[in-house]
Amino acid sequence: MTKAEFFDRDVSCYFFDDIERIGEYCRTYWPEDVEHILRVAEEVCRKEFLFDLKWDMERTYEPVVFEKEIQWDYMPGDDPEFIFQFNRHRFFICLGQAYAITKDEKYAKVFTEMLMDWIKKVPLTEESKKTTWRTIEAGLRGEFWTKAFAYFRDSVYLTDEVVDAFYQCMITHAEYLIEYHSVMRRMSNWSVLEDHGLFEIALMLPQSERTKEYARIALEHLEIEARLQILPDGVQWEQSPMYHNEVYHCFLDVLILASRNGIAVPKTITERVHRMAYANAAWKKPNGHQFLNGDSDDTDIRDYISIGAWVFSDPTLKAAGFQRLDFESVWDLGIEAAMQYEQMQATELKFTSVALTESGNYYLRTDWGENGNVLHFHCGTLGAGHGHSDKLHVDLVICGEDVLMDSGRFNYVAGPNRYEFKDPMAHNTITVDGKLFTVCKDSWECSKLSAPVNQKHCFTKEYEFVQGGHLGYMDLENGVFVNRKVIFIKPNIYLFVDELYSGGEHAYCQYFHFNNEGNVEIFEKEKRVVYQGKKAKADLYFITPEVEIGTKKTRISRNYNQAEEQTTVTVQKTKKGFTSLITVVFGQEAGGVKECKAEKISVRSEFKDVIHPDTWAEAVKIEANGKEYVVIVCHQEVNTPTDQTEADGCMGFGQVLVFDKEKERQVGTVLLW
């Protein structure tokens with residue numbers, strides 16, 4: 001295959017005639033990204049490798065330097081993820097972009113030398129299939145190699161020899177990906193990354209009956225994977241925003257390339273990927289980042305939301321994305337797309353709070369501003385290896401700042417570090433007797449799972465309610481059903497009511513992991529914890545009698561291979577029979593002086609004129625924001641015929657009721673019948 005034969009057509013998959021305008025656009029609007037890419041390219045020229053690009057799946061913080069020849073299977077330390085990340089060759093794209101921006105042939109020289117060196121030294125063997133030739137790496141190279149290759153189209157270093165070696169190796173990649181595809185792999189994000197790479201290869205190579213077959217096979221696989229992996233609510237089933245977005249990126253890329261090349265895409269893919277875009281919008285934090293749930297990093301997702309807005313011509317998605325396309329998106333879409341996107345009028349999102357019921361993720365939000373409040377509640381399936389033991393976990397953002405956070409992922413090395421971040425104690429949830437409701441077997445598999453029990457939710461203009469439970473402790477002697485109710489009194493009051501149903505005695509522990517960028521202070525006598533951050537202040541009131549409040553130092557990982565110390569508050573109680581733990585959270589701006597009072601009050605049967613025991617029903621009176629609220633929560637059926645429950649003069653019928661005493665003391669707002 002000669003260079004002339006290879007490029008004897010318009011490589012419409014990747015190459016743009018306006019490449020100089022793309023470089024100019026990026027220098028104008030994204031100078032820091034240009035500087036970053038040029039820095040990476042220079043490091044690669046020196047055989048220095050540091051993975052710190054935004055969507056690098058496994059980041060590193062210490063560069064690996066090769067003084068002489070590159071050792072492609074080199075593994076620093078005990079984490080093989082370096083080998084995998086290294087052999088994806090994402091840095092080839094950086095070399096290509098640097099070449100396109102500067103026209104400096106040294107980048108082309110380094111690219112061709114490294115490409116030929118890898119092809120020569122890293123053959124496909126049974127042994128290399130475990131490291132440098134894992135199928136996921138082969139799939140990712142299908143994207144990274146082909147995109148990079150197009151940038152060097154006009155370089156003198158792209159000789160016939162290089163082009164032929166590239167062509168032959170890409171054929172090997174494609175045939176390998178087809179051979180190893182199986183029904184067993186269809187549920188894994190790997191399969192999407194692999195088939196996406198196959199589709200990229202199919203369109204980049206000179207067209208033949210076989211390359212057309214590559215494209216057909218890839219789309220056939222991707223259609224099945226879209227139906228299997230993307231839940232009706234748009235969430236990729238593995239319960240990790242990070243890997244949701246890896247899958248979403250691959251599907252978006254397929255839609256973009258198919259559109260450019262006049263290839264029809266199954267409707268299933270288009271519809272499901274559109275839903276993925278809206279799931280991203282639903283869980284986007286006020287700062288534009290994804291939550292750290294599952295194996296996820298603290299990454300800004302507005303770039304991917306923006307691409308979705310352009311692909312689907314959806315002005316509502318643009319309202320959740322950037323005002324203009326980011327650096328990488330312009331390279332993928334072109335300058336005309338950037339101009340079209342800027343002209344697109346953003347339409348205000350028609351929703352704030354969202355119930356993603358199939359995945360068990362709920363987002364209670366005040367507004368879409370950068371200083372908004374949002375609570376995330378999770379009660380869904382584990383989601384395979386990238387999911388964590390986080391059933392009933394809550395994240396809480398006040399005034400745009402994280403207050404309660406997930407601990408993140410740290411790394412994938414099996415052992416204490418991995419389990420420290422995957423186990424329930426790393427999440428804002430509840431444990432029983434210090435035991436795990438999900439037990440890790442290794443980095444990816446579990447020896448014990450816990451079934452989620454999704455339940456009703458209710459969103460009204462003034463209040464919102466979600467609840468969920470799990471069966472992870474039903475195997476204990478005198479098993480325990482754990483249920484969490486979350487009540488949101490807009491805009492800044494939250495109640496967590498943890499219900500623990502059992503006939504025996506057990507020790508219960510709640511965990512509250514705070515943002516390590518703020519300060520946490522405990523007022524033990526008042527059973528109150530105060531978080532003071534840069535933008536937010538939050539008061540947590542633990543109003544259940546006879547609880548013990550403590551603190552311990554744990555770790556939070558915002559990015560792979562990175563961990564910092566944080567403060568975790570624990571709330572413990574040992575009791576026989578039914579137990580409840582009630583927490584009230586009041587949020588306001590940092591340094592705020594607004595007061596909140598929260599106290600537990602009794603609940604009475606209006607019909608019998610007797611006080612219900614706490615095991616039946618409880619109530620909380622809250623004074624805040626110049627108002628007085630009463631919240632009644634029934635833990636089981638308490639009402640006899642024609643009966644109502646009453647607390648502090650407020651009377652109504654239902655399992656969960658909220659009263660604004662200034663407005664009404666009869667009926668109230670029923671959040672759960």
# chains A, B, ... in the order shown; residues from 1 in each chain; ligands from 1
>>> residues_around(residues="Ala598 in chain A", least_positions_apart="6", cutoff="12 Å", atoms="only C-alpha atoms", output="compact mmCIF listing (two decimals) with C-alpha atoms, in the first residue's frame")
# COMPACT_ATOMS: atom_id res chain seq x y z
CA ILE A 493 -33.21 21.91 54.17
CA TYR A 494 -32.65 18.17 53.90
CA LEU A 495 -33.79 15.30 56.13
CA GLU A 526 -25.42 19.84 70.63
CA LYS A 527 -25.07 16.78 68.41
CA ARG A 528 -24.23 19.12 65.55
CA ASP A 539 -25.11 22.49 59.65
CA LEU A 540 -25.88 18.83 60.31
CA TYR A 541 -28.15 18.03 63.27
CA PHE A 542 -28.28 14.45 64.59
CA ILE A 543 -31.54 14.45 66.50
CA THR A 544 -31.92 10.76 67.34
CA ILE A 582 -32.59 11.07 61.70
CA THR A 583 -30.32 13.78 60.33
CA VAL A 584 -31.27 17.35 59.39
CA VAL A 585 -29.02 19.38 57.09
CA PHE A 586 -29.32 23.14 56.73
CA ALA A 619 -41.82 13.81 63.64
CA VAL A 620 -39.31 16.63 63.33
CA LYS A 621 -39.94 20.31 63.89
CA ILE A 622 -37.64 22.66 62.00
CA GLU A 623 -37.37 26.44 62.37
CA ALA A 624 -35.42 28.02 59.53
CA GLU A 628 -41.65 26.61 60.96
CA TYR A 629 -42.01 23.17 59.42
CA VAL A 630 -43.28 19.90 60.81
CA VAL A 631 -42.36 16.64 59.08
>>> residues_around(residues="His376 in chain A", least_positions_apart="5", cutoff="9 Å", atoms="only C-alpha atoms", output="PyMOL selection string")
chain A and resi 283+291+361-365+393-397
>>> write_last_selection(atoms="C-alpha atoms", output="PDB file, in the first residue's frame")
ATOM      1  CA  TRP A 283     -26.084  14.613  37.016  1.00  0.00           C
ATOM      2  CA  PHE A 291     -19.899  13.102  40.584  1.00  0.00           C
ATOM      3  CA  ASN A 361     -30.120   7.661  40.640  1.00  0.00           C
ATOM      4  CA  TYR A 362     -32.044  10.711  41.823  1.00  0.00           C
ATOM      5  CA  TYR A 363     -30.968  14.346  41.608  1.00  0.00           C
ATOM      6  CA  LEU A 364     -32.804  16.943  43.702  1.00  0.00           C
ATOM      7  CA  ARG A 365     -31.830  20.369  42.399  1.00  0.00           C
ATOM      8  CA  HIS A 393     -25.223   6.925  49.246  1.00  0.00           C
ATOM      9  CA  VAL A 394     -25.866  10.676  49.058  1.00  0.00           C
ATOM     10  CA  ASP A 395     -23.784  13.484  47.557  1.00  0.00           C
ATOM     11  CA  LEU A 396     -24.664  17.018  48.577  1.00  0.00           C
ATOM     12  CA  VAL A 397     -23.704  20.289  46.897  1.00  0.00           C
TER      13      VAL A 397
END
>>> residues_around(residues="Phe84 in chain A", least_positions_apart="5", cutoff="12 Å", atoms="only C-alpha atoms", output="PDB file with all heavy atoms, in the first residue's frame")
ATOM      1  N   PHE A  51       0.623  10.964  31.828  1.00  0.00           N
ATOM      2  CA  PHE A  51      -0.757  10.924  31.357  1.00  0.00           C
ATOM      3  C   PHE A  51      -1.618  11.876  32.186  1.00  0.00           C
ATOM      4  O   PHE A  51      -2.102  11.514  33.259  1.00  0.00           O
ATOM      5  CB  PHE A  51      -1.292   9.494  31.422  1.00  0.00           C
ATOM      6  CG  PHE A  51      -0.436   8.511  30.658  1.00  0.00           C
ATOM      7  CD1 PHE A  51       0.047   7.366  31.264  1.00  0.00           C
ATOM      8  CD2 PHE A  51      -0.093   8.762  29.344  1.00  0.00           C
ATOM      9  CE1 PHE A  51       0.839   6.475  30.564  1.00  0.00           C
ATOM     10  CE2 PHE A  51       0.703   7.879  28.630  1.00  0.00           C
ATOM     11  CZ  PHE A  51       1.172   6.732  29.239  1.00  0.00           C
ATOM     12  N   ASP A  56      -7.926  11.012  30.130  1.00  0.00           N
ATOM     13  CA  ASP A  56      -7.076   9.839  30.363  1.00  0.00           C
ATOM     14  C   ASP A  56      -7.731   9.003  31.453  1.00  0.00           C
ATOM     15  O   ASP A  56      -7.984   9.488  32.563  1.00  0.00           O
ATOM     16  CB  ASP A  56      -5.670  10.248  30.800  1.00  0.00           C
ATOM     17  CG  ASP A  56      -4.794  10.659  29.629  1.00  0.00           C
ATOM     18  OD1 ASP A  56      -5.121  10.296  28.489  1.00  0.00           O
ATOM     19  OD2 ASP A  56      -3.782  11.346  29.853  1.00  0.00           O
ATOM     20  N   MET A  57      -7.983   7.735  31.165  1.00  0.00           N
ATOM     21  CA  MET A  57      -8.721   6.902  32.120  1.00  0.00           C
ATOM     22  C   MET A  57      -7.922   6.597  33.380  1.00  0.00           C
ATOM     23  O   MET A  57      -8.473   6.424  34.452  1.00  0.00           O
ATOM     24  CB  MET A  57      -9.169   5.606  31.448  1.00  0.00           C
ATOM     25  CG  MET A  57     -10.411   5.786  30.590  1.00  0.00           C
ATOM     26  SD  MET A  57     -11.071   4.221  29.966  1.00  0.00           S
ATOM     27  CE  MET A  57     -10.097   4.020  28.485  1.00  0.00           C
ATOM     28  N   GLU A  58      -6.598   6.506  33.243  1.00  0.00           N
ATOM     29  CA  GLU A  58      -5.746   6.231  34.405  1.00  0.00           C
ATOM     30  C   GLU A  58      -4.595   7.240  34.410  1.00  0.00           C
ATOM     31  O   GLU A  58      -3.562   7.023  33.780  1.00  0.00           O
ATOM     32  CB  GLU A  58      -5.205   4.795  34.378  1.00  0.00           C
ATOM     33  CG  GLU A  58      -6.250   3.736  34.642  1.00  0.00           C
ATOM     34  CD  GLU A  58      -7.041   3.345  33.415  1.00  0.00           C
ATOM     35  OE1 GLU A  58      -6.464   3.363  32.315  1.00  0.00           O
ATOM     36  OE2 GLU A  58      -8.253   3.065  33.551  1.00  0.00           O
ATOM     37  N   ARG A  59      -4.782   8.335  35.094  1.00  0.00           N
ATOM     38  CA  ARG A  59      -3.785   9.406  35.100  1.00  0.00           C
ATOM     39  C   ARG A  59      -2.538   9.010  35.880  1.00  0.00           C
ATOM     40  O   ARG A  59      -2.569   8.144  36.750  1.00  0.00           O
ATOM     41  CB  ARG A  59      -4.377  10.678  35.716  1.00  0.00           C
ATOM     42  CG  ARG A  59      -5.462  11.319  34.876  1.00  0.00           C
ATOM     43  CD  ARG A  59      -5.809  12.688  35.426  1.00  0.00           C
ATOM     44  NE  ARG A  59      -6.890  13.307  34.664  1.00  0.00           N
ATOM     45  CZ  ARG A  59      -7.278  14.568  34.844  1.00  0.00           C
ATOM     46  NH1 ARG A  59      -6.680  15.313  35.754  1.00  0.00           N
ATOM     47  NH2 ARG A  59      -8.256  15.073  34.134  1.00  0.00           N
ATOM     48  N   TRP A  72       7.949  -0.973  25.570  1.00  0.00           N
ATOM     49  CA  TRP A  72       6.508  -0.795  25.454  1.00  0.00           C
ATOM     50  C   TRP A  72       5.713  -1.567  26.503  1.00  0.00           C
ATOM     51  O   TRP A  72       4.549  -1.238  26.753  1.00  0.00           O
ATOM     52  CB  TRP A  72       6.054  -1.185  24.055  1.00  0.00           C
ATOM     53  CG  TRP A  72       6.581  -0.249  23.003  1.00  0.00           C
ATOM     54  CD1 TRP A  72       7.593  -0.484  22.125  1.00  0.00           C
ATOM     55  CD2 TRP A  72       6.127   1.083  22.740  1.00  0.00           C
ATOM     56  NE1 TRP A  72       7.804   0.624  21.318  1.00  0.00           N
ATOM     57  CE2 TRP A  72       6.909   1.602  21.681  1.00  0.00           C
ATOM     58  CE3 TRP A  72       5.137   1.906  23.291  1.00  0.00           C
ATOM     59  CZ2 TRP A  72       6.740   2.879  21.163  1.00  0.00           C
ATOM     60  CZ3 TRP A  72       4.966   3.181  22.776  1.00  0.00           C
ATOM     61  CH2 TRP A  72       5.747   3.659  21.728  1.00  0.00           C
ATOM     62  N   ASP A  73       6.311  -2.577  27.124  1.00  0.00           N
ATOM     63  CA  ASP A  73       5.598  -3.311  28.174  1.00  0.00           C
ATOM     64  C   ASP A  73       6.118  -2.958  29.565  1.00  0.00           C
ATOM     65  O   ASP A  73       5.953  -3.719  30.518  1.00  0.00           O
ATOM     66  CB  ASP A  73       5.696  -4.817  27.949  1.00  0.00           C
ATOM     67  CG  ASP A  73       7.137  -5.324  27.937  1.00  0.00           C
ATOM     68  OD1 ASP A  73       8.069  -4.489  28.019  1.00  0.00           O
ATOM     69  OD2 ASP A  73       7.333  -6.552  27.843  1.00  0.00           O
ATOM     70  N   TYR A  74       6.723  -1.788  29.690  1.00  0.00           N
ATOM     71  CA  TYR A  74       7.286  -1.355  30.972  1.00  0.00           C
ATOM     72  C   TYR A  74       6.164  -1.085  31.985  1.00  0.00           C
ATOM     73  O   TYR A  74       5.138  -0.480  31.655  1.00  0.00           O
ATOM     74  CB  TYR A  74       8.113  -0.090  30.774  1.00  0.00           C
ATOM     75  CG  TYR A  74       8.662   0.495  32.051  1.00  0.00           C
ATOM     76  CD1 TYR A  74       9.708  -0.123  32.732  1.00  0.00           C
ATOM     77  CD2 TYR A  74       8.130   1.675  32.581  1.00  0.00           C
ATOM     78  CE1 TYR A  74      10.215   0.418  33.905  1.00  0.00           C
ATOM     79  CE2 TYR A  74       8.636   2.223  33.754  1.00  0.00           C
ATOM     80  CZ  TYR A  74       9.673   1.583  34.413  1.00  0.00           C
ATOM     81  OH  TYR A  74      10.176   2.120  35.575  1.00  0.00           O
ATOM     82  N   MET A  75       6.356  -1.545  33.228  1.00  0.00           N
ATOM     83  CA  MET A  75       5.368  -1.332  34.282  1.00  0.00           C
ATOM     84  C   MET A  75       6.046  -0.754  35.515  1.00  0.00           C
ATOM     85  O   MET A  75       6.753  -1.461  36.226  1.00  0.00           O
ATOM     86  CB  MET A  75       4.663  -2.640  34.655  1.00  0.00           C
ATOM     87  CG  MET A  75       3.561  -2.440  35.718  1.00  0.00           C
ATOM     88  SD  MET A  75       2.647  -3.952  36.099  1.00  0.00           S
ATOM     89  CE  MET A  75       3.819  -4.806  37.151  1.00  0.00           C
ATOM     90  N   PRO A  76       5.873   0.533  35.779  1.00  0.00           N
ATOM     91  CA  PRO A  76       6.428   1.099  37.012  1.00  0.00           C
ATOM     92  C   PRO A  76       5.565   0.697  38.205  1.00  0.00           C
ATOM     93  O   PRO A  76       4.336   0.767  38.156  1.00  0.00           O
ATOM     94  CB  PRO A  76       6.354   2.607  36.763  1.00  0.00           C
ATOM     95  CG  PRO A  76       5.213   2.774  35.813  1.00  0.00           C
ATOM     96  CD  PRO A  76       5.173   1.528  34.965  1.00  0.00           C
ATOM     97  N   ASP A  79       1.176  -1.421  39.371  1.00  0.00           N
ATOM     98  CA  ASP A  79      -0.086  -1.160  38.689  1.00  0.00           C
ATOM     99  C   ASP A  79       0.075  -1.364  37.184  1.00  0.00           C
ATOM    100  O   ASP A  79       0.702  -0.553  36.497  1.00  0.00           O
ATOM    101  CB  ASP A  79      -0.554   0.274  38.967  1.00  0.00           C
ATOM    102  CG  ASP A  79      -1.978   0.524  38.489  1.00  0.00           C
ATOM    103  OD1 ASP A  79      -2.542  -0.374  37.837  1.00  0.00           O
ATOM    104  OD2 ASP A  79      -2.514   1.613  38.762  1.00  0.00           O
ATOM    105  N   HIS A  89      -1.716   4.873  23.157  1.00  0.00           N
ATOM    106  CA  HIS A  89      -1.071   5.846  22.277  1.00  0.00           C
ATOM    107  C   HIS A  89      -1.926   7.094  22.044  1.00  0.00           C
ATOM    108  O   HIS A  89      -1.916   7.662  20.946  1.00  0.00           O
ATOM    109  CB  HIS A  89      -0.695   5.214  20.940  1.00  0.00           C
ATOM    110  CG  HIS A  89       0.214   4.031  21.078  1.00  0.00           C
ATOM    111  ND1 HIS A  89       0.325   3.057  20.111  1.00  0.00           N
ATOM    112  CD2 HIS A  89       1.060   3.655  22.077  1.00  0.00           C
ATOM    113  CE1 HIS A  89       1.195   2.132  20.490  1.00  0.00           C
ATOM    114  NE2 HIS A  89       1.652   2.478  21.695  1.00  0.00           N
ATOM    115  N   ARG A  90      -2.626   7.531  23.079  1.00  0.00           N
ATOM    116  CA  ARG A  90      -3.377   8.787  22.959  1.00  0.00           C
ATOM    117  C   ARG A  90      -2.443   9.950  22.639  1.00  0.00           C
ATOM    118  O   ARG A  90      -2.845  10.926  21.979  1.00  0.00           O
ATOM    119  CB  ARG A  90      -4.145   9.042  24.274  1.00  0.00           C
ATOM    120  CG  ARG A  90      -4.862  10.385  24.355  1.00  0.00           C
ATOM    121  CD  ARG A  90      -5.922  10.541  23.291  1.00  0.00           C
ATOM    122  NE  ARG A  90      -6.641  11.792  23.424  1.00  0.00           N
ATOM    123  CZ  ARG A  90      -6.214  12.969  22.975  1.00  0.00           C
ATOM    124  NH1 ARG A  90      -5.029  13.056  22.381  1.00  0.00           N
ATOM    125  NH2 ARG A  90      -6.941  14.051  23.127  1.00  0.00           N
ATOM    126  N   SER A 128       1.129 -11.212  24.534  1.00  0.00           N
ATOM    127  CA  SER A 128       0.884  -9.766  24.433  1.00  0.00           C
ATOM    128  C   SER A 128      -0.603  -9.437  24.533  1.00  0.00           C
ATOM    129  O   SER A 128      -0.966  -8.294  24.828  1.00  0.00           O
ATOM    130  CB  SER A 128       1.462  -9.213  23.131  1.00  0.00           C
ATOM    131  OG  SER A 128       0.782  -9.728  21.999  1.00  0.00           O
ATOM    132  N   LYS A 129      -1.467 -10.434  24.303  1.00  0.00           N
ATOM    133  CA  LYS A 129      -2.906 -10.201  24.444  1.00  0.00           C
ATOM    134  C   LYS A 129      -3.284  -9.860  25.888  1.00  0.00           C
ATOM    135  O   LYS A 129      -4.371  -9.335  26.147  1.00  0.00           O
ATOM    136  CB  LYS A 129      -3.685 -11.429  23.979  1.00  0.00           C
ATOM    137  CG  LYS A 129      -3.652 -11.644  22.475  1.00  0.00           C
ATOM    138  CD  LYS A 129      -4.340 -12.951  22.095  1.00  0.00           C
ATOM    139  CE  LYS A 129      -4.212 -13.240  20.602  1.00  0.00           C
ATOM    140  NZ  LYS A 129      -4.806 -14.543  20.231  1.00  0.00           N
ATOM    141  N   LYS A 130      -2.391 -10.140  26.827  1.00  0.00           N
ATOM    142  CA  LYS A 130      -2.660  -9.854  28.241  1.00  0.00           C
ATOM    143  C   LYS A 130      -2.219  -8.447  28.635  1.00  0.00           C
ATOM    144  O   LYS A 130      -2.589  -7.959  29.699  1.00  0.00           O
ATOM    145  CB  LYS A 130      -1.935 -10.870  29.128  1.00  0.00           C
ATOM    146  CG  LYS A 130      -2.309 -12.318  28.851  1.00  0.00           C
ATOM    147  CD  LYS A 130      -1.424 -13.264  29.649  1.00  0.00           C
ATOM    148  CE  LYS A 130      -1.687 -14.724  29.303  1.00  0.00           C
ATOM    149  NZ  LYS A 130      -0.752 -15.640  30.024  1.00  0.00           N
ATOM    150  N   THR A 131      -1.417  -7.801  27.795  1.00  0.00           N
ATOM    151  CA  THR A 131      -0.853  -6.490  28.160  1.00  0.00           C
ATOM    152  C   THR A 131      -1.020  -5.479  27.034  1.00  0.00           C
ATOM    153  O   THR A 131      -1.998  -4.741  26.994  1.00  0.00           O
ATOM    154  CB  THR A 131       0.638  -6.636  28.523  1.00  0.00           C
ATOM    155  OG1 THR A 131       1.330  -7.285  27.433  1.00  0.00           O
ATOM    156  CG2 THR A 131       0.823  -7.458  29.790  1.00  0.00           C
ATOM    157  N   THR A 132      -0.061  -5.467  26.105  1.00  0.00           N
ATOM    158  CA  THR A 132      -0.036  -4.443  25.050  1.00  0.00           C
ATOM    159  C   THR A 132      -1.114  -4.655  23.993  1.00  0.00           C
ATOM    160  O   THR A 132      -1.477  -3.710  23.285  1.00  0.00           O
ATOM    161  CB  THR A 132       1.340  -4.440  24.362  1.00  0.00           C
ATOM    162  OG1 THR A 132       1.636  -5.770  23.920  1.00  0.00           O
ATOM    163  CG2 THR A 132       2.424  -3.989  25.320  1.00  0.00           C
ATOM    164  N   TRP A 133      -1.612  -5.874  23.868  1.00  0.00           N
ATOM    165  CA  TRP A 133      -2.612  -6.184  22.853  1.00  0.00           C
ATOM    166  C   TRP A 133      -3.934  -6.626  23.472  1.00  0.00           C
ATOM    167  O   TRP A 133      -4.678  -7.409  22.861  1.00  0.00           O
ATOM    168  CB  TRP A 133      -2.094  -7.265  21.903  1.00  0.00           C
ATOM    169  CG  TRP A 133      -1.333  -6.734  20.715  1.00  0.00           C
ATOM    170  CD1 TRP A 133       0.008  -6.544  20.621  1.00  0.00           C
ATOM    171  CD2 TRP A 133      -1.884  -6.358  19.452  1.00  0.00           C
ATOM    172  NE1 TRP A 133       0.348  -6.070  19.374  1.00  0.00           N
ATOM    173  CE2 TRP A 133      -0.799  -5.955  18.636  1.00  0.00           C
ATOM    174  CE3 TRP A 133      -3.165  -6.318  18.914  1.00  0.00           C
ATOM    175  CZ2 TRP A 133      -0.965  -5.504  17.317  1.00  0.00           C
ATOM    176  CZ3 TRP A 133      -3.338  -5.880  17.605  1.00  0.00           C
ATOM    177  CH2 TRP A 133      -2.248  -5.480  16.825  1.00  0.00           C
ATOM    178  N   ARG A 134      -4.251  -6.134  24.676  1.00  0.00           N
ATOM    179  CA  ARG A 134      -5.603  -6.399  25.160  1.00  0.00           C
ATOM    180  C   ARG A 134      -6.593  -5.829  24.141  1.00  0.00           C
ATOM    181  O   ARG A 134      -6.307  -4.833  23.460  1.00  0.00           O
ATOM    182  CB  ARG A 134      -5.838  -5.745  26.521  1.00  0.00           C
ATOM    183  CG  ARG A 134      -5.066  -6.332  27.672  1.00  0.00           C
ATOM    184  CD  ARG A 134      -5.627  -5.857  29.012  1.00  0.00           C
ATOM    185  NE  ARG A 134      -5.908  -4.428  29.056  1.00  0.00           N
ATOM    186  CZ  ARG A 134      -6.546  -3.816  30.062  1.00  0.00           C
ATOM    187  NH1 ARG A 134      -6.951  -4.519  31.109  1.00  0.00           N
ATOM    188  NH2 ARG A 134      -6.758  -2.521  30.035  1.00  0.00           N
ATOM    189  N   THR A 135      -7.747  -6.431  24.051  1.00  0.00           N
ATOM    190  CA  THR A 135      -8.698  -5.985  23.030  1.00  0.00           C
ATOM    191  C   THR A 135      -9.143  -4.539  23.238  1.00  0.00           C
ATOM    192  O   THR A 135      -9.393  -3.820  22.269  1.00  0.00           O
ATOM    193  CB  THR A 135      -9.934  -6.898  23.015  1.00  0.00           C
ATOM    194  OG1 THR A 135     -10.437  -7.037  24.359  1.00  0.00           O
ATOM    195  CG2 THR A 135      -9.584  -8.263  22.450  1.00  0.00           C
ATOM    196  N   ILE A 136      -9.236  -4.083  24.487  1.00  0.00           N
ATOM    197  CA  ILE A 136      -9.651  -2.703  24.716  1.00  0.00           C
ATOM    198  C   ILE A 136      -8.597  -1.732  24.194  1.00  0.00           C
ATOM    199  O   ILE A 136      -8.913  -0.701  23.596  1.00  0.00           O
ATOM    200  CB  ILE A 136      -9.956  -2.438  26.212  1.00  0.00           C
ATOM    201  CG1 ILE A 136     -10.461  -1.005  26.400  1.00  0.00           C
ATOM    202  CG2 ILE A 136      -8.752  -2.720  27.094  1.00  0.00           C
ATOM    203  CD1 ILE A 136     -10.885  -0.694  27.823  1.00  0.00           C
ATOM    204  N   GLU A 137      -7.312  -2.069  24.383  1.00  0.00           N
ATOM    205  CA  GLU A 137      -6.252  -1.214  23.849  1.00  0.00           C
ATOM    206  C   GLU A 137      -6.274  -1.218  22.324  1.00  0.00           C
ATOM    207  O   GLU A 137      -6.059  -0.188  21.679  1.00  0.00           O
ATOM    208  CB  GLU A 137      -4.879  -1.656  24.359  1.00  0.00           C
ATOM    209  CG  GLU A 137      -4.493  -1.060  25.694  1.00  0.00           C
ATOM    210  CD  GLU A 137      -5.372  -1.547  26.839  1.00  0.00           C
ATOM    211  OE1 GLU A 137      -5.369  -2.762  27.124  1.00  0.00           O
ATOM    212  OE2 GLU A 137      -6.080  -0.704  27.429  1.00  0.00           O
ATOM    213  N   ALA A 138      -6.528  -2.387  21.730  1.00  0.00           N
ATOM    214  CA  ALA A 138      -6.617  -2.464  20.275  1.00  0.00           C
ATOM    215  C   ALA A 138      -7.758  -1.584  19.760  1.00  0.00           C
ATOM    216  O   ALA A 138      -7.622  -0.888  18.747  1.00  0.00           O
ATOM    217  CB  ALA A 138      -6.816  -3.909  19.833  1.00  0.00           C
ATOM    218  N   GLY A 139      -8.892  -1.599  20.471  1.00  0.00           N
ATOM    219  CA  GLY A 139     -10.015  -0.753  20.083  1.00  0.00           C
ATOM    220  C   GLY A 139      -9.694   0.724  20.197  1.00  0.00           C
ATOM    221  O   GLY A 139     -10.026   1.518  19.315  1.00  0.00           O
ATOM    222  N   LEU A 140      -9.046   1.109  21.289  1.00  0.00           N
ATOM    223  CA  LEU A 140      -8.694   2.513  21.478  1.00  0.00           C
ATOM    224  C   LEU A 140      -7.664   2.971  20.453  1.00  0.00           C
ATOM    225  O   LEU A 140      -7.723   4.112  19.969  1.00  0.00           O
ATOM    226  CB  LEU A 140      -8.175   2.725  22.899  1.00  0.00           C
ATOM    227  CG  LEU A 140      -9.259   2.661  23.980  1.00  0.00           C
ATOM    228  CD1 LEU A 140      -8.652   2.465  25.360  1.00  0.00           C
ATOM    229  CD2 LEU A 140     -10.119   3.919  23.952  1.00  0.00           C
ATOM    230  N   ARG A 141      -6.719   2.107  20.115  1.00  0.00           N
ATOM    231  CA  ARG A 141      -5.763   2.471  19.060  1.00  0.00           C
ATOM    232  C   ARG A 141      -6.486   2.667  17.730  1.00  0.00           C
ATOM    233  O   ARG A 141      -6.058   3.471  16.890  1.00  0.00           O
ATOM    234  CB  ARG A 141      -4.679   1.403  18.924  1.00  0.00           C
ATOM    235  CG  ARG A 141      -3.658   1.411  20.048  1.00  0.00           C
ATOM    236  CD  ARG A 141      -2.415   0.597  19.707  1.00  0.00           C
ATOM    237  NE  ARG A 141      -2.674  -0.825  19.544  1.00  0.00           N
ATOM    238  CZ  ARG A 141      -2.613  -1.733  20.506  1.00  0.00           C
ATOM    239  NH1 ARG A 141      -2.298  -1.364  21.742  1.00  0.00           N
ATOM    240  NH2 ARG A 141      -2.846  -3.012  20.252  1.00  0.00           N
TER     241      ARG A 141
END
>>> residues_around(residues="Ala563 in chain A", least_positions_apart="3", cutoff="12 Å", atoms="only C-alpha atoms", output="PyMOL selection string")
chain A and resi 61+297+407-411+417-418+420-421+516+554-560+566
>>> select_by_dssp(residues="range 64-300 of chain A", states="strand (DSSP E or B)", output="number ranges by chain")
A: 64-65, 230, 236, 289, 300
>>> write_last_selection(atoms="C-alpha atoms", output="CSV table (one decimal), in the first residue's frame")
chain,number,residue,atom,x,y,z
A,64,VAL,CA,8.3,7.8,32.9
A,65,VAL,CA,11.4,8.6,30.9
A,230,ILE,CA,-27.8,1.8,28.0
A,236,GLN,CA,-24.7,3.1,31.1
A,289,HIS,CA,-18.3,18.2,36.7
A,300,ASP,CA,-15.8,18.5,33.7
